[in-house]
Amino acid sequence: MIYYLYIIYRGVEMKKFISVLLSTVIVISSLAIGFTASAADDATKFFVASDLHYNIPSEELVPVIEGDEIYWYANRRAAMEEESSFIIDEFLNQCAESDDCEFVLLSGDLVDNGKSIHQEHIDMAAKLEKFEQESGKPVYVVPGNHDYGVDCETNLDDFVRVYNHFGYDEALTTLEGTGSYTADLNDDYRLIALDSCDPSKSTEDGMSAEKLSWVKEQAEKAKADGKYPILMMHHNLLDHLPLQRIISRNFIVRFHYTTATLFADWGIKLVFTGHEHCSDAATYTSPAGNVIYDFATTALTMYPLEYRAFSLTDDEIKYESRSIDSIDTDALTATIRGYSQEQIDLMNAGLNDYAKGFLKAGVQYRLGKGFRMEEMGIAEDAIYYDLVATAVGGLVKILEDPLYGEGGIQELAAEYNIDIPDSEYKNGWDIVTELVSWHYAGSEPYDLFSRDIAIFLRLVALLLKDDLATVSDEVFFKAANDLFSFFGTDSIVRDITKLGASVFGGVTTAEYFLLALVSPLISAFIADDDGVDDNNGALPGYGTVNVQSRISNIFENITDTFKDVFEAVIDIVKVLSKIIIG
Ligand SMILES: [Ca+2]
Ligand SMILES: [Ca+2]
Ligand SMILES: [Fe+2]
Ligand SMILES: [Fe+2]
């Protein structure tokens with residue numbers, strides 16, 4: 001359900017929507033690697049932030065969400081637009097004051113409406129200018145899809161002119177017709193700032209053969225000059241969601257495994273990206289054995305209000321996430337009218353918690369609006385129209401009704417022998433938006449047997465039993481067939497079906513369908529346990545050699561994917577049999 005909600009949230013098309021309709025179990029294991037002792041003095045230390053989405057503060061807050069007493073001005077994007085200017089100020093203060101920051105990298109979407117409001121860029125650049133002058137620490141930027149476009153208020157030339165001091169004026173080289181450049185960060189590291197955007201598109205990437213060959217040239221040049229190449233671009237290189245290339249295609253570069261293989265083999269180990277607004281680290285090993293890491297950094301002005309601190313030596317890449325937990329609320333209220341004392345008190349008590357509430361309100365608002373058949377764009381003659389219509393009707397009820405008390409979901413579930421544990425969650429929305437917030441924050445604390453996941457799974461079970469039981473087997477199988485031929489994983493479905501039968505005995509087709517759908521989609525969450533924590537960790541540095549270097553990596557990458565899927569399925573079957581069936 002969470003996944004299915006998330007997909008609608010991202011506004012993904014129907015085929016993908018059905019692909020996750022029932023696939024709803026999220027399983028995440030988290031690795032806790034501490035950010036230990038401070039790095040040696042010769043370490044290269046810097047901060048990375050992304051998707052700052054600066055907005056010019058309004059004169060007065062505008063109500064958006066009816067009935068929400070605190071977050072009534074939250075928006076569909078769940079980004080703290082009104083507070084953005086003050087969050088960015090606080091971030092730059094932290095950069096200026098910290099000894100762990102020698103320079104700052106910003107991986108795109110510097111402003112929110114740069115394409116139509118050029119003034120946002122003027123303001124943003126002024127903040128960076130002031131920061132550089134006062135701290136003496138350089139800032140390097142790369143454009144994101146919100147920053148410039150063709151026939152827009154801000155075109156490429158405007159962008160490069162406004163941010164001239166933040167990379168472009170010290171560029172060793174640039175790539176004509178793009179916002180790409182290279183610059184030396186210090187004696188050891190060279191930045192390849194790659195403009196991954198297509199200025200004629202709103203979100204999808206604009207990677208090209210020309211850009212790739214430029215990166216190759218620059219990586220080789222860096223090596224020849226005795227520098228390690230670090231790449232920064234706006235779009236993601238690796239999956240930061242299960243099967244991101246399928247369900248969130250506009251957020252990841254096209255041919256992403258090929259691109260990752262090339263980058264890794266050209267000697268690029270570190271890639272900094274944004275765009276997806278989640279905090280996630282992912283790794284990939286090329287067939288030749290070269291390892292590359294893609295650090296997606298969350299949006300600075302959206303929960304969890306985080307940026308990354310890196311410390312690099314030849315041997316080690318250390319990283320940790322740092323949070324903005326306060327802003328100058330006096331300056332905020334002096335600029336924008338309409339904040340209540342309660343809102344300000346909550347912000348002062350802990351901005352991060354406030355941001356989480358804001359995110360949950362915004363996500364619910366957007367998802368709720370999405371639960372209308374006409375919004376989903378499903379043709380009435382589509383084979384799965386009835387399935388989706390039924391599912392959505394039941395889902396809305398399960399999400400909106402109170403979990404506890406008389407006539408609540410707990411009572412309804414009990415009629416099906418489904419036990420919803422007591423908790424402080426108010427309703428289904430509360431738990432679903434909580435799980436969405438975990439995705440944004442990274443290092444997702446998913447534990448199959450935790451109370452939170454149990455409640456969630458049992459709500460899914462209730463949906464299946466109370467609601468979808470009326471949908472015919474034929475519809476489920478048709479939808480499953482459509483979907484799995486689309487994914488190319490038909491044989492997995494057969495295996496899962498057999499496995500399900502051996503564990504469950506006789507269960508409904510809907511339950512098989514759930515299991516079948518769940519498997520490929522959760523695989524990447526399970527596989528998130530790839531030895532690279534999303535937020536805090538230490539990895540082998542640029543000066544190290546991968547001892548596992550061997551050609552069999554190519555087969556390992558393939559078989560690992562299938563192994564992950566299958567192991568995930570077995571886990572899920574076990575858990576569902578325990579939780580749902582009892
Ligand atoms: Ca990860
Ligand atoms: Ca993650
Ligand atoms: Fe963004
Ligand atoms: Fe973006």
# chains A, B, ... in the order shown; residues from 1 in each chain; ligands from 1
call {"tool": "residues_near_ligand", "arguments": {"ligand": "ligand 3", "cutoff": "9 Å", "atoms": "only C-alpha atoms and all ligand atoms", "output": "VMD selection string"}}
result
chain A and resid 50 to 53 108 to 112 144 to 146 234 274 to 277 298 to 299
call {"tool": "residues_near_ligand", "arguments": {"ligand": "ligand 1", "cutoff": "6 Å", "atoms": "only C-alpha atoms and all ligand atoms", "output": "ChimeraX atom specification"}}
result
/A:280-282,528,534
call {"tool": "write_last_selection", "arguments": {"atoms": "N, CA, C and O atoms", "output": "JSON list (two decimals), in the first residue's frame"}}
result
[["chain", "number", "residue", "atom", "x", "y", "z"],
["A", 280, "ASP", "N", 19.54, 8.51, 0.24],
["A", 280, "ASP", "CA", 19.84, 7.11, -0.02],
["A", 280, "ASP", "C", 21.23, 6.99, -0.62],
["A", 280, "ASP", "O", 21.64, 7.80, -1.44],
["A", 281, "ALA", "N", 21.95, 5.96, -0.19],
["A", 281, "ALA", "CA", 23.23, 5.65, -0.80],
["A", 281, "ALA", "C", 23.09, 4.30, -1.48],
["A", 281, "ALA", "O", 22.43, 3.40, -0.96],
["A", 282, "ALA", "N", 23.67, 4.17, -2.67],
["A", 282, "ALA", "CA", 23.60, 2.89, -3.39],
["A", 282, "ALA", "C", 24.96, 2.64, -4.00],
["A", 282, "ALA", "O", 25.70, 3.57, -4.31],
["A", 528, "ASP", "N", 18.63, -3.10, -0.06],
["A", 528, "ASP", "CA", 19.20, -1.86, 0.45],
["A", 528, "ASP", "C", 20.30, -2.17, 1.46],
["A", 528, "ASP", "O", 21.14, -1.35, 1.74],
["A", 534, "ASP", "N", 22.62, 4.42, 4.29],
["A", 534, "ASP", "CA", 22.16, 5.61, 3.58],
["A", 534, "ASP", "C", 22.71, 6.91, 4.17],
["A", 534, "ASP", "O", 22.91, 7.89, 3.45]]
call {"tool": "closest_atom_pairs", "arguments": {"of": "chain A", "to": "ligand 2", "cutoff": "8 Å", "atoms": "only C-alpha atoms and all ligand atoms", "output": "JSON lines"}}
result
{"residue": "A:Ile28", "atom": "CA", "partner": "ligand 2", "partner_atom_place_in_ligand_line": "1 (Ca)", "distance": 7.9}
{"residue": "A:His240", "atom": "CA", "partner": "ligand 2", "partner_atom_place_in_ligand_line": "1 (Ca)", "distance": 6.3}
{"residue": "A:Leu241", "atom": "CA", "partner": "ligand 2", "partner_atom_place_in_ligand_line": "1 (Ca)", "distance": 7.2}
{"residue": "A:Cys278", "atom": "CA", "partner": "ligand 2", "partner_atom_place_in_ligand_line": "1 (Ca)", "distance": 7.7}
{"residue": "A:Ser279", "atom": "CA", "partner": "ligand 2", "partner_atom_place_in_ligand_line": "1 (Ca)", "distance": 6.7}
{"residue": "A:Asp280", "atom": "CA", "partner": "ligand 2", "partner_atom_place_in_ligand_line": "1 (Ca)", "distance": 4.6}
{"residue": "A:Ala281", "atom": "CA", "partner": "ligand 2", "partner_atom_place_in_ligand_line": "1 (Ca)", "distance": 6.8}
{"residue": "A:His439", "atom": "CA", "partner": "ligand 2", "partner_atom_place_in_ligand_line": "1 (Ca)", "distance": 6.0}
{"residue": "A:Tyr440", "atom": "CA", "partner": "ligand 2", "partner_atom_place_in_ligand_line": "1 (Ca)", "distance": 7.8}
{"residue": "A:Ala441", "atom": "CA", "partner": "ligand 2", "partner_atom_place_in_ligand_line": "1 (Ca)", "distance": 7.9}
{"residue": "A:Gly442", "atom": "CA", "partner": "ligand 2", "partner_atom_place_in_ligand_line": "1 (Ca)", "distance": 4.5}
{"residue": "A:Ser443", "atom": "CA", "partner": "ligand 2", "partner_atom_place_in_ligand_line": "1 (Ca)", "distance": 5.4}
{"residue": "A:Glu444", "atom": "CA", "partner": "ligand 2", "partner_atom_place_in_ligand_line": "1 (Ca)", "distance": 5.9}
{"residue": "A:Phe525", "atom": "CA", "partner": "ligand 2", "partner_atom_place_in_ligand_line": "1 (Ca)", "distance": 6.9}
{"residue": "A:Asp528", "atom": "CA", "partner": "ligand 2", "partner_atom_place_in_ligand_line": "1 (Ca)", "distance": 6.1}
{"residue": "A:Asp534", "atom": "CA", "partner": "ligand 2", "partner_atom_place_in_ligand_line": "1 (Ca)", "distance": 5.8}
call {"tool": "atom_distance", "arguments": {"atom1": "atom CA of Gly370 of chain A", "atom2": "atom CA of Asn55 of chain A"}}
result
25.3 Å
call {"tool": "residues_around", "arguments": {"residues": "segment 416-432 of chain A", "least_positions_apart": "2", "cutoff": "7 Å", "atoms": "only C-alpha atoms", "output": "list in words"}}
result
Ile2, Gln364, Ile398, Leu399, Glu400, Asp401, Pro402, Leu403, Gln410, Ala413, Ala414, Glu434, Leu435, Val436, Ile455, Arg458 and Ile580 of chain A
call {"tool": "closest_residue", "arguments": {"among": "A:Lys269, A:Lys137, A:Lys356, A:His118", "to": "Asp314 of chain A", "atoms": "only C-alpha atoms"}}
result
A:Lys269
call {"tool": "residues_around", "arguments": {"residues": "Ile344 of chain A", "least_positions_apart": "3", "cutoff": "10 Å", "atoms": "only C-alpha atoms", "output": "count of residues only"}}
result
12
call {"tool": "closest_residue", "arguments": {"among": "A:Ala288, A:Leu128, A:Ala296, A:Ala74", "to": "ligand 4", "atoms": "only C-alpha atoms and all ligand atoms"}}
result
A:Ala296
call {"tool": "closest_atom_pairs", "arguments": {"of": "segment 151-222 of chain A", "to": "segment 255-261 of chain A", "cutoff": "12 Å", "atoms": "only C-alpha atoms", "output": "tab-separated table"}}
result
residue	atom	partner	partner_atom	distance
A:Asp205	CA	A:Phe255	CA	10.9
A:Gly206	CA	A:Phe255	CA	11.7
A:Met207	CA	A:Phe255	CA	9.3
A:Ser208	CA	A:Phe255	CA	10.3
A:Ala209	CA	A:Thr259	CA	10.2
A:Lys211	CA	A:Thr259	CA	10.9
A:Leu212	CA	A:Thr259	CA	7.9
A:Ser213	CA	A:Thr259	CA	10.9
A:Val215	CA	A:Thr259	CA	10.5
A:Lys216	CA	A:Thr259	CA	10.8
call {"tool": "closest_residue", "arguments": {"among": "A:Ile252, A:Tyr71, A:Asp158, A:Asp99", "to": "ligand 4", "atoms": "only C-alpha atoms and all ligand atoms"}}
result
A:Ile252
call {"tool": "atom_distance", "arguments": {"atom1": "atom CA of Ser180 of chain A", "atom2": "atom CA of Ala43 of chain A"}}
result
26.4 Å
call {"tool": "residues_around", "arguments": {"residues": "Glu81 of chain A", "least_positions_apart": "2", "cutoff": "12 Å", "atoms": "only C-alpha atoms", "output": "ChimeraX atom specification"}}
result
/A:51-58,61-62,73-79,83-88,111-113,299-303,336,355,358-359,362
call {"tool": "write_last_selection", "arguments": {"atoms": "N, CA, C and O atoms", "output": "compact mmCIF listing (two decimals), in the first residue's frame"}}
result
# COMPACT_ATOMS: atom_id res chain seq x y z
N ASP A 51 18.77 20.04 -3.91
CA ASP A 51 17.36 20.42 -4.00
C ASP A 51 16.96 21.44 -2.93
O ASP A 51 16.07 21.19 -2.12
N LEU A 52 17.64 22.58 -2.94
CA LEU A 52 17.36 23.62 -1.95
C LEU A 52 15.99 24.27 -2.19
O LEU A 52 15.36 24.76 -1.27
N HIS A 53 15.57 24.25 -3.44
CA HIS A 53 14.23 24.75 -3.80
C HIS A 53 13.89 26.07 -3.11
O HIS A 53 12.82 26.18 -2.49
N TYR A 54 14.78 27.03 -3.24
CA TYR A 54 14.52 28.35 -2.64
C TYR A 54 13.25 28.96 -3.25
O TYR A 54 13.03 28.92 -4.46
N ASN A 55 12.40 29.49 -2.37
CA ASN A 55 11.22 30.25 -2.79
C ASN A 55 11.30 31.63 -2.17
O ASN A 55 11.73 31.78 -1.02
N ILE A 56 10.87 32.64 -2.88
CA ILE A 56 10.76 33.97 -2.29
C ILE A 56 9.63 33.90 -1.25
O ILE A 56 8.53 33.46 -1.58
N PRO A 57 9.90 34.30 0.01
CA PRO A 57 8.85 34.20 1.04
C PRO A 57 7.62 35.03 0.64
O PRO A 57 7.75 36.12 0.09
N SER A 58 6.43 34.51 0.94
CA SER A 58 5.19 35.25 0.69
C SER A 58 5.04 36.33 1.76
O SER A 58 5.67 36.27 2.81
N LEU A 61 0.86 33.77 4.77
CA LEU A 61 0.60 32.35 4.50
C LEU A 61 -0.77 32.17 3.85
O LEU A 61 -1.72 32.86 4.21
N VAL A 62 -0.87 31.22 2.94
CA VAL A 62 -2.13 30.95 2.26
C VAL A 62 -2.65 29.58 2.71
O VAL A 62 -1.93 28.59 2.62
N TYR A 73 -1.09 25.16 5.80
CA TYR A 73 -0.49 25.83 4.63
C TYR A 73 0.49 24.91 3.89
O TYR A 73 1.24 25.36 3.02
N ALA A 74 0.49 23.60 4.27
CA ALA A 74 1.38 22.65 3.58
C ALA A 74 0.93 22.51 2.13
O ALA A 74 -0.19 22.86 1.77
N ASN A 75 1.82 21.97 1.28
CA ASN A 75 1.51 21.89 -0.15
C ASN A 75 1.70 20.47 -0.66
O ASN A 75 2.21 19.61 0.04
N ARG A 76 1.28 20.28 -1.89
CA ARG A 76 1.35 18.96 -2.51
C ARG A 76 2.77 18.39 -2.49
O ARG A 76 2.97 17.20 -2.38
N ARG A 77 3.74 19.26 -2.69
CA ARG A 77 5.12 18.76 -2.76
C ARG A 77 5.68 18.47 -1.37
O ARG A 77 6.77 17.93 -1.25
N ALA A 78 4.96 18.87 -0.33
CA ALA A 78 5.39 18.64 1.04
C ALA A 78 6.73 19.31 1.34
O ALA A 78 7.45 18.89 2.23
N ALA A 79 7.06 20.32 0.55
CA ALA A 79 8.32 21.05 0.77
C ALA A 79 8.03 22.32 1.55
O ALA A 79 6.99 22.95 1.35
N GLU A 83 9.44 28.52 4.48
CA GLU A 83 10.59 28.57 5.39
C GLU A 83 11.92 28.39 4.65
O GLU A 83 12.99 28.48 5.26
N SER A 84 11.86 28.10 3.32
CA SER A 84 13.07 27.69 2.60
C SER A 84 14.22 28.70 2.75
O SER A 84 15.36 28.32 2.99
N SER A 85 13.90 29.98 2.64
CA SER A 85 14.94 31.00 2.69
C SER A 85 15.70 30.94 4.03
O SER A 85 16.92 31.07 4.07
N PHE A 86 14.94 30.67 5.11
CA PHE A 86 15.52 30.69 6.46
C PHE A 86 16.29 29.39 6.73
O PHE A 86 17.28 29.38 7.46
N ILE A 87 15.81 28.29 6.13
CA ILE A 87 16.52 27.01 6.26
C ILE A 87 17.86 27.10 5.53
O ILE A 87 18.90 26.65 6.03
N ILE A 88 17.85 27.70 4.34
CA ILE A 88 19.09 27.85 3.56
C ILE A 88 20.08 28.74 4.32
O ILE A 88 21.27 28.45 4.39
N VAL A 111 16.73 26.50 -6.82
CA VAL A 111 15.51 27.26 -6.53
C VAL A 111 14.32 26.44 -7.01
O VAL A 111 14.47 25.44 -7.71
N ASP A 112 13.12 26.91 -6.63
CA ASP A 112 11.93 26.12 -6.92
C ASP A 112 11.32 26.44 -8.29
O ASP A 112 10.93 25.56 -9.04
N ASN A 113 11.24 27.74 -8.59
CA ASN A 113 10.55 28.16 -9.82
C ASN A 113 11.47 28.96 -10.73
O ASN A 113 11.06 29.95 -11.33
N ALA A 299 16.17 16.62 -0.21
CA ALA A 299 15.96 18.06 -0.41
C ALA A 299 16.22 18.79 0.91
O ALA A 299 15.65 18.41 1.94
N LEU A 300 17.03 19.82 0.85
CA LEU A 300 17.42 20.53 2.08
C LEU A 300 16.22 21.13 2.80
O LEU A 300 16.19 21.18 4.03
N THR A 301 15.22 21.58 2.03
CA THR A 301 14.10 22.31 2.62
C THR A 301 12.85 21.44 2.80
O THR A 301 11.73 21.92 2.79
N MET A 302 13.07 20.14 2.92
CA MET A 302 11.97 19.20 3.11
C MET A 302 12.43 18.18 4.14
O MET A 302 13.63 17.93 4.24
N TYR A 303 11.48 17.59 4.90
CA TYR A 303 11.88 16.59 5.87
C TYR A 303 12.80 15.57 5.21
O TYR A 303 12.49 15.15 4.11
N ILE A 336 6.98 37.03 7.09
CA ILE A 336 5.73 36.43 6.61
C ILE A 336 4.66 36.54 7.70
O ILE A 336 4.90 36.15 8.83
N ALA A 355 8.98 19.58 10.53
CA ALA A 355 9.09 19.26 9.10
C ALA A 355 8.46 17.91 8.79
O ALA A 355 7.88 17.70 7.72
N PHE A 358 4.78 18.34 8.68
CA PHE A 358 4.49 19.08 7.45
C PHE A 358 4.50 18.12 6.25
O PHE A 358 3.61 18.15 5.40
N LEU A 359 5.51 17.24 6.21
CA LEU A 359 5.61 16.26 5.13
C LEU A 359 4.42 15.32 5.14
O LEU A 359 3.79 15.06 4.10
N GLY A 362 1.36 17.05 3.84
CA GLY A 362 1.44 17.30 2.40
C GLY A 362 1.25 16.02 1.58
O GLY A 362 0.56 16.01 0.57
call {"tool": "closest_residue", "arguments": {"among": "A:Cys95, A:Met233, A:Val64, A:Val392", "to": "ligand 4", "atoms": "only C-alpha atoms and all ligand atoms"}}
result
A:Met233
call {"tool": "select_by_dssp", "arguments": {"residues": "segment 63-139 of chain A", "states": "strand (DSSP E)", "output": "ChimeraX atom specification"}}
result
/A:103-106,139
call {"tool": "atom_distance", "arguments": {"atom1": "atom CA of Thr433 of chain A", "atom2": "atom CA of Ile453 of chain A"}}
result
12.6 Å
call {"tool": "closest_residue", "arguments": {"among": "A:Glu406, A:Asp533, A:Asp147, A:Glu153", "to": "ligand 4", "atoms": "only C-alpha atoms and all ligand atoms"}}
result
A:Asp147
call {"tool": "select_by_dssp", "arguments": {"residues": "segment 14-228 of chain A", "states": "helix (DSSP H, G or I)", "output": "CSV table (one decimal) with N, CA and C atoms, in the first residue's frame"}}
result
chain,number,residue,atom,x,y,z
A,14,MET,N,-0.5,4.7,-15.3
A,14,MET,CA,-1.3,3.6,-14.8
A,14,MET,C,-0.6,2.2,-14.8
A,15,LYS,N,0.2,1.9,-15.8
A,15,LYS,CA,0.8,0.6,-15.9
A,15,LYS,C,1.7,0.4,-14.7
A,16,LYS,N,2.3,1.5,-14.3
A,16,LYS,CA,3.2,1.4,-13.1
A,16,LYS,C,2.3,1.4,-11.9
A,17,PHE,N,1.2,2.1,-12.0
A,17,PHE,CA,0.3,2.1,-10.8
A,17,PHE,C,-0.2,0.7,-10.5
A,18,ILE,N,-0.7,0.0,-11.5
A,18,ILE,CA,-1.2,-1.3,-11.3
A,18,ILE,C,-0.1,-2.2,-10.8
A,19,SER,N,1.1,-1.9,-11.3
A,19,SER,CA,2.2,-2.7,-10.9
A,19,SER,C,2.4,-2.7,-9.4
A,84,SER,N,11.9,28.1,3.3
A,84,SER,CA,13.1,27.7,2.6
A,84,SER,C,14.2,28.7,2.7
A,85,SER,N,13.9,30.0,2.6
A,85,SER,CA,14.9,31.0,2.7
A,85,SER,C,15.7,30.9,4.0
A,86,PHE,N,14.9,30.7,5.1
A,86,PHE,CA,15.5,30.7,6.5
A,86,PHE,C,16.3,29.4,6.7
A,87,ILE,N,15.8,28.3,6.1
A,87,ILE,CA,16.5,27.0,6.3
A,87,ILE,C,17.9,27.1,5.5
A,88,ILE,N,17.8,27.7,4.3
A,88,ILE,CA,19.1,27.8,3.6
A,88,ILE,C,20.1,28.7,4.3
A,89,ASP,N,19.6,29.8,4.9
A,89,ASP,CA,20.4,30.7,5.7
A,89,ASP,C,21.1,29.9,6.9
A,90,GLU,N,20.3,29.1,7.5
A,90,GLU,CA,20.9,28.3,8.7
A,90,GLU,C,21.9,27.3,8.1
A,91,PHE,N,21.6,26.7,7.0
A,91,PHE,CA,22.6,25.7,6.4
A,91,PHE,C,23.9,26.4,6.1
A,92,LEU,N,23.8,27.6,5.5
A,92,LEU,CA,25.1,28.3,5.2
A,92,LEU,C,25.8,28.7,6.4
A,93,ASN,N,25.0,29.1,7.5
A,93,ASN,CA,25.7,29.4,8.8
A,93,ASN,C,26.5,28.2,9.3
A,94,GLN,N,25.9,27.0,9.2
A,94,GLN,CA,26.6,25.8,9.6
A,94,GLN,C,27.8,25.5,8.8
A,95,CYS,N,27.7,25.7,7.5
A,95,CYS,CA,28.8,25.5,6.6
A,95,CYS,C,30.0,26.5,7.0
A,96,ALA,N,29.6,27.7,7.3
A,96,ALA,CA,30.6,28.8,7.6
A,96,ALA,C,31.3,28.4,8.9
A,97,GLU,N,30.5,27.9,9.9
A,97,GLU,CA,31.1,27.7,11.2
A,97,GLU,C,31.8,26.4,11.4
A,118,HIS,N,12.9,34.5,-12.3
A,118,HIS,CA,14.4,34.6,-12.3
A,118,HIS,C,14.9,35.2,-11.0
A,119,GLN,N,14.0,36.0,-10.4
A,119,GLN,CA,14.4,36.6,-9.1
A,119,GLN,C,14.9,35.6,-8.1
A,120,GLU,N,14.3,34.4,-8.1
A,120,GLU,CA,14.7,33.4,-7.1
A,120,GLU,C,16.2,33.1,-7.3
A,121,HIS,N,16.7,33.1,-8.5
A,121,HIS,CA,18.1,32.8,-8.7
A,121,HIS,C,18.9,34.0,-8.2
A,122,ILE,N,18.4,35.2,-8.4
A,122,ILE,CA,19.2,36.4,-8.0
A,122,ILE,C,19.3,36.3,-6.5
A,123,ASP,N,18.2,36.0,-5.8
A,123,ASP,CA,18.3,35.9,-4.3
A,123,ASP,C,19.2,34.8,-3.8
A,124,MET,N,19.1,33.7,-4.5
A,124,MET,CA,19.9,32.5,-4.1
A,124,MET,C,21.4,32.8,-4.3
A,125,ALA,N,21.7,33.4,-5.4
A,125,ALA,CA,23.1,33.7,-5.7
A,125,ALA,C,23.6,34.7,-4.7
A,126,ALA,N,22.8,35.6,-4.3
A,126,ALA,CA,23.2,36.6,-3.3
A,126,ALA,C,23.6,36.0,-2.0
A,127,LYS,N,22.8,35.0,-1.6
A,127,LYS,CA,23.1,34.3,-0.4
A,127,LYS,C,24.4,33.6,-0.5
A,128,LEU,N,24.7,32.9,-1.6
A,128,LEU,CA,25.9,32.2,-1.8
A,128,LEU,C,27.1,33.2,-1.9
A,129,GLU,N,26.9,34.3,-2.5
A,129,GLU,CA,27.9,35.3,-2.6
A,129,GLU,C,28.4,35.8,-1.2
A,130,LYS,N,27.4,36.1,-0.4
A,130,LYS,CA,27.6,36.6,0.9
A,130,LYS,C,28.4,35.5,1.7
A,131,PHE,N,27.9,34.3,1.6
A,131,PHE,CA,28.6,33.2,2.3
A,131,PHE,C,30.0,33.0,1.9
A,132,GLU,N,30.3,33.0,0.6
A,132,GLU,CA,31.7,32.9,0.1
A,132,GLU,C,32.6,34.0,0.6
A,133,GLN,N,32.0,35.2,0.6
A,133,GLN,CA,32.8,36.4,1.0
A,133,GLN,C,33.1,36.3,2.5
A,134,GLU,N,32.1,35.9,3.3
A,134,GLU,CA,32.3,35.9,4.7
A,134,GLU,C,33.1,34.8,5.2
A,135,SER,N,32.9,33.6,4.6
A,135,SER,CA,33.6,32.4,5.1
A,135,SER,C,34.9,32.1,4.3
A,156,LEU,N,19.9,28.8,-20.2
A,156,LEU,CA,21.3,28.3,-19.7
A,156,LEU,C,22.2,29.5,-19.5
A,157,ASP,N,22.3,30.4,-20.4
A,157,ASP,CA,23.2,31.6,-20.3
A,157,ASP,C,22.9,32.4,-19.0
A,158,ASP,N,21.6,32.6,-18.7
A,158,ASP,CA,21.3,33.3,-17.5
A,158,ASP,C,21.8,32.5,-16.3
A,159,PHE,N,21.6,31.2,-16.3
A,159,PHE,CA,22.0,30.4,-15.2
A,159,PHE,C,23.5,30.5,-14.9
A,160,VAL,N,24.2,30.3,-16.0
A,160,VAL,CA,25.7,30.4,-15.9
A,160,VAL,C,26.2,31.8,-15.5
A,161,ARG,N,25.5,32.8,-15.9
A,161,ARG,CA,25.9,34.2,-15.5
A,161,ARG,C,25.6,34.4,-14.0
A,162,VAL,N,24.4,34.0,-13.6
A,162,VAL,CA,24.0,34.3,-12.2
A,162,VAL,C,25.0,33.5,-11.2
A,168,TYR,N,31.7,28.1,-12.3
A,168,TYR,CA,32.0,28.5,-13.7
A,168,TYR,C,33.2,29.3,-13.9
A,169,ASP,N,33.4,30.3,-13.0
A,169,ASP,CA,34.6,31.2,-13.2
A,169,ASP,C,35.9,30.6,-12.9
A,170,GLU,N,35.9,29.4,-12.3
A,170,GLU,CA,37.2,28.7,-12.2
A,170,GLU,C,37.2,27.4,-12.9
A,209,ALA,N,25.2,10.9,-25.6
A,209,ALA,CA,26.5,10.3,-25.9
A,209,ALA,C,27.6,11.3,-25.8
A,210,GLU,N,27.2,12.5,-26.2
A,210,GLU,CA,28.2,13.6,-26.1
A,210,GLU,C,28.6,13.9,-24.7
A,211,LYS,N,27.6,13.9,-23.8
A,211,LYS,CA,27.9,14.2,-22.4
A,211,LYS,C,28.8,13.1,-21.8
A,212,LEU,N,28.5,11.8,-22.2
A,212,LEU,CA,29.2,10.7,-21.7
A,212,LEU,C,30.7,10.7,-22.2
A,213,SER,N,30.9,11.1,-23.4
A,213,SER,CA,32.3,11.1,-23.9
A,213,SER,C,33.0,12.3,-23.3
A,214,TRP,N,32.3,13.3,-23.0
A,214,TRP,CA,32.9,14.5,-22.3
A,214,TRP,C,33.4,14.0,-20.9
A,215,VAL,N,32.5,13.3,-20.2
A,215,VAL,CA,32.9,12.8,-18.9
A,215,VAL,C,34.1,11.9,-19.0
A,216,LYS,N,34.1,11.0,-20.0
A,216,LYS,CA,35.3,10.1,-20.2
A,216,LYS,C,36.6,10.9,-20.3
A,217,GLU,N,36.5,11.9,-21.2
A,217,GLU,CA,37.7,12.8,-21.4
A,217,GLU,C,38.1,13.4,-20.1
A,218,GLN,N,37.1,14.0,-19.4
A,218,GLN,CA,37.5,14.7,-18.1
A,218,GLN,C,38.0,13.8,-17.1
A,219,ALA,N,37.5,12.5,-17.0
A,219,ALA,CA,38.0,11.6,-16.0
A,219,ALA,C,39.4,11.2,-16.3
A,220,GLU,N,39.7,11.0,-17.6
A,220,GLU,CA,41.0,10.6,-18.1
A,220,GLU,C,42.0,11.8,-17.8
A,221,LYS,N,41.5,13.0,-18.1
A,221,LYS,CA,42.3,14.2,-17.9
A,221,LYS,C,42.7,14.3,-16.4
A,222,ALA,N,41.7,14.1,-15.6
A,222,ALA,CA,41.9,14.2,-14.1
A,222,ALA,C,43.0,13.2,-13.7
A,223,LYS,N,42.9,12.0,-14.2
A,223,LYS,CA,43.9,11.0,-13.8
A,223,LYS,C,45.3,11.4,-14.3
A,224,ALA,N,45.3,11.9,-15.5
A,224,ALA,CA,46.6,12.3,-16.1
A,224,ALA,C,47.2,13.5,-15.2
